[in-house]
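*Asks:* Have a look at this one before I ask anything.
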Amino acid sequence: MSMATATLPSSTVPTPAVDRGPILIAALAFLAGAVLLTDLVGLRQAGLFLIGGLCGVALYHAAFGFTAGWRRFVTDRRGAGMRAQLLMVGIAALAIIPLLSLGTVFGKPLAGAIAPVGISVLIGAALFGLGMQLGGGCGSGTLFTVGGGSARMLVTLAFFIAGAVIGTAQLPWWLEQPAWQPIALGSEFGVAGGIAVTLIGLALLALVTVWFERRRHGGLEAAKPAPRRGIERVLHGPWPLLWGAVALALLNIATLIVAGHPWSITYAFGLWGAKAIQAVGVPVETWTFWSWPAQARALNRSVLFDTTSVMDFGLILGAGIAAALTGKFAPRAKLPWRSLLAAALGGLLMGYGARLSFGCNIGALFSGIASGSVHGWLWFAAAFAGSWLGVKLRPAFRLE
Amino acid sequence: MNDRNTLLFGTVFVLATAGIVADHVTHTPSSLPPVVAGPVTAGGNPCAAGGNPCAAGGNPCAAGNPCSAGNPCSAGNPCAAANPCSAGNPCAARPM
């Protein structure tokens, strides 16, 4: 496949000028965050903050976005981005399915991203897919571009949070709609069988992208020549997609071991939004969702105790450091009102859809499929269909 | 780097940091009621007792209850991340 086939030429691009102010602030914030988390919560939480930071660096430097990868496939039939995503899921599945079968690791119980297969996933994922094309990024994409200084994505994130809160208000109704029990491939077919079925499914999808790309272009796209090499490339990017895929897979496995659950992103958005409106007098604690014991506990505790939030904070700062190292923090960008409208609408749809469908591309697709959960596959199919519609709607908002 | 954009992000950074600090101060763990934490076993298991949020009744995951089949706190736990039974997963040994 095309994503790792380029021969690296000698360095041709000078080291970029680092954005000194932003990198100083982001690095200090990261250091202070790690120290404070260790002191206030514990070493494990600080470890998750660090893992989140590394996720941010990998996402930014590899420009590892689901949204652009899916859009390129729909519009240009170029599938390198999608194949990198499939590879990432496959690598993670090789470790996550066996780990889940153990039940515990280092004495810590493990819980996979395994959820019911039903209407809420179908509708929620489709809305999410539509929203990600309008918003300009998925859950991880929104966070790492915000970390990189994208003003437009700040709008997407704000409405993402709002949508997630609305989703928590309506989730109880959605969960009453028809659904099958969760299906875990590792439980259904055993560890080896679960891994085999998952890898075969991922490989078939990769072959479909190859077939479409070859039919349109006659061959696979060659990877772009690397502008720099070695440690220069590690620090300043850009990373090849393959690096991003491997790094993110390993970091998801690390998340499972440290947190006890795989990587997720969007739960925190609902929590942040609920805390924010609670602070101005909205009695969210009386909502059904937030009165469930686990949710009430999260609402009543410091956000620093929420593993997903802490990883998200780390991710944003990690991406900020990566962007500053590249000299691309806070780029100048035109923000026409149609684009902002699309960002707001996309954010709302993603927030609402993620809550209904048990997560985003990371929590439901990546972690779901890598956990052997069938709901992850349904999420993928429904979100891709929604994304296809979103790609078709982008011109209405004057988006490329 | 665009100065106006950098200023915007600096402002957002300060506001977000202030929000996190305020949240932490007003939701310090010591002000919370004691919560059962411990190994995921029957007894201390938040998924086993009557207060089980994944049980029938007030079950957040009802109708296709992901927590009903088998032990919800075992491997292949249906109370997955981003699941309403999770992320603050009541079925985990500790809240997420």
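Convention: chains lettered A, B, ... in structure tokens order; per-chain residue numbering from 1; ligands numbered from 1 as shown.
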Could you please write out, as a VMD selection string, every residue of stretch 101-278 of chain A that DSSP assigns to helix (DSSP H, G or I)?
*Replies:* chain A and resid 101 to 102 119 to 135 139 to 147 151 to 174 185 to 217 230 to 236 241 to 259 267 to 278
*Asks:* Which residues come within 10 Å of B:Thr26, counting only C-alpha atoms, excluding same-chain residues fewer than 4 positions away, as a list in words?
*Replies:*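 Listing them by chain and then by number gives Asn300, Arg301 and Ser302 of chain A; Ile20, Val21, Ala22 and Ser31 of chain B.
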*Asks:* Next, write the just-selected residues to a file, as a PDB file, in the first residue's frame, keeping N, CA, C and O atoms as the atom set.
*Replies:*
```pdb
ATOM      1  N   ASN A 300     -19.997  15.481  39.998  1.00  0.00           N
ATOM      2  CA  ASN A 300     -19.720  16.040  41.324  1.00  0.00           C
ATOM      3  C   ASN A 300     -18.247  16.041  41.700  1.00  0.00           C
ATOM      4  O   ASN A 300     -17.881  16.569  42.740  1.00  0.00           O
ATOM      5  N   ARG A 301     -17.455  15.407  40.867  1.00  0.00           N
ATOM      6  CA  ARG A 301     -16.020  15.382  41.167  1.00  0.00           C
ATOM      7  C   ARG A 301     -15.293  16.406  40.304  1.00  0.00           C
ATOM      8  O   ARG A 301     -15.809  16.860  39.290  1.00  0.00           O
ATOM      9  N   SER A 302     -14.086  16.708  40.709  1.00  0.00           N
ATOM     10  CA  SER A 302     -13.252  17.587  39.900  1.00  0.00           C
ATOM     11  C   SER A 302     -13.022  16.958  38.528  1.00  0.00           C
ATOM     12  O   SER A 302     -12.864  15.742  38.402  1.00  0.00           O
TER      13      SER A 302
ATOM     14  N   ILE B  20     -10.998  25.213  34.935  1.00  0.00           N
ATOM     15  CA  ILE B  20     -10.560  23.936  35.518  1.00  0.00           C
ATOM     16  C   ILE B  20     -10.230  24.126  37.001  1.00  0.00           C
ATOM     17  O   ILE B  20     -10.608  23.311  37.846  1.00  0.00           O
ATOM     18  N   VAL B  21      -9.537  25.225  37.285  1.00  0.00           N
ATOM     19  CA  VAL B  21      -9.185  25.493  38.684  1.00  0.00           C
ATOM     20  C   VAL B  21     -10.450  25.682  39.524  1.00  0.00           C
ATOM     21  O   VAL B  21     -10.598  25.109  40.614  1.00  0.00           O
ATOM     22  N   ALA B  22     -11.387  26.471  38.996  1.00  0.00           N
ATOM     23  CA  ALA B  22     -12.634  26.719  39.734  1.00  0.00           C
ATOM     24  C   ALA B  22     -13.389  25.411  39.947  1.00  0.00           C
ATOM     25  O   ALA B  22     -13.919  25.158  41.042  1.00  0.00           O
ATOM     26  N   SER B  31     -14.767  16.867  49.726  1.00  0.00           N
ATOM     27  CA  SER B  31     -16.124  17.328  50.008  1.00  0.00           C
ATOM     28  C   SER B  31     -17.178  16.326  49.555  1.00  0.00           C
ATOM     29  O   SER B  31     -18.359  16.533  49.737  1.00  0.00           O
TER      30      SER B  31
END
```
*Asks:* With only C-alpha atoms as the counted atoms, please give the residues lying no more than 12 Å from A:Ala26, apart from itself and same-chain residues fewer than 4 positions off, as a ChimeraX atom specification.
*Replies:* /A:19-22,30-33,53,147-149,313-325,329 /B:9-10,13-14
*Asks:* For the selection you just gave me, I'd like the residues written to a file as a PDB file, in the first residue's frame, keeping C-alpha atoms.
*Replies:*
```pdb
ATOM      1  CA  ASP A  19       6.942  29.572  17.603  1.00  0.00           C
ATOM      2  CA  ARG A  20       8.755  30.403  20.828  1.00  0.00           C
ATOM      3  CA  GLY A  21       5.977  31.988  22.868  1.00  0.00           C
ATOM      4  CA  PRO A  22       3.378  29.290  22.274  1.00  0.00           C
ATOM      5  CA  PHE A  30       2.162  20.505  30.169  1.00  0.00           C
ATOM      6  CA  LEU A  31       4.821  20.217  32.836  1.00  0.00           C
ATOM      7  CA  ALA A  32       2.682  21.989  35.426  1.00  0.00           C
ATOM      8  CA  GLY A  33      -0.287  19.807  34.495  1.00  0.00           C
ATOM      9  CA  GLY A  53      -0.040  14.612  24.950  1.00  0.00           C
ATOM     10  CA  GLY A 147      -4.307  22.627  19.905  1.00  0.00           C
ATOM     11  CA  GLY A 148      -2.662  23.753  16.688  1.00  0.00           C
ATOM     12  CA  GLY A 149      -4.349  27.115  16.931  1.00  0.00           C
ATOM     13  CA  PHE A 313      -6.259  18.267  27.955  1.00  0.00           C
ATOM     14  CA  GLY A 314      -2.986  16.499  27.249  1.00  0.00           C
ATOM     15  CA  LEU A 315      -3.929  16.017  23.608  1.00  0.00           C
ATOM     16  CA  ILE A 316      -4.620  19.710  23.072  1.00  0.00           C
ATOM     17  CA  LEU A 317      -1.348  20.736  24.693  1.00  0.00           C
ATOM     18  CA  GLY A 318       0.596  18.036  22.841  1.00  0.00           C
ATOM     19  CA  ALA A 319      -0.792  19.232  19.531  1.00  0.00           C
ATOM     20  CA  GLY A 320       0.027  22.805  20.522  1.00  0.00           C
ATOM     21  CA  ILE A 321       3.631  21.845  21.175  1.00  0.00           C
ATOM     22  CA  ALA A 322       3.815  19.984  17.856  1.00  0.00           C
ATOM     23  CA  ALA A 323       2.316  22.944  15.978  1.00  0.00           C
ATOM     24  CA  ALA A 324       4.728  25.383  17.624  1.00  0.00           C
ATOM     25  CA  LEU A 325       7.672  23.105  16.813  1.00  0.00           C
ATOM     26  CA  PHE A 329       0.740  27.599  15.556  1.00  0.00           C
TER      27      PHE A 329
ATOM     28  CA  PHE B   9      -5.862  31.310  21.946  1.00  0.00           C
ATOM     29  CA  GLY B  10      -4.089  32.923  24.863  1.00  0.00           C
ATOM     30  CA  PHE B  13      -6.204  29.176  27.439  1.00  0.00           C
ATOM     31  CA  VAL B  14      -6.493  31.488  30.419  1.00  0.00           C
TER      32      VAL B  14
END
```
*Asks:* For the atom pair atom CA of A:Glu400 and atom CA of A:Gly346, what is the interatomic distance in Å to one decimal place?
*Replies:*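 Separation of atom CA of A:Glu400 and atom CA of A:Gly346: 15.0 Å.
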*Asks:* Would you please work out which residue, of A:Gly137, A:Pro14, A:Gly103, A:Gly118, is nearest to chain B when using only C-alpha atoms?
*Replies:*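 For chain B, the nearest of the candidates is A:Gly103.
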*Asks:* Could you jot down the atom CA of A:Met350 to atom CA of A:Met88 separation for me, Å, one decimal place?
*Replies:*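 Those two atoms sit 22.3 Å apart.
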*Asks:* Using only C-alpha atoms, determine which residues lie at most 12 Å from A:Asp306, disregarding the query and same-chain residues fewer than 3 positions distant; provide the list as a ChimeraX atom specification.
*Replies:* /A:37,41,44-46,48-49,259,264-272,294-295,297-303,309-313 /B:20,24,86-89,94-96
*Asks:* What does the distance between atom CA of A:Ala381 and atom CA of A:Leu122 come to in Å, to one decimal place?
*Replies:*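 The value is 8.5 Å.
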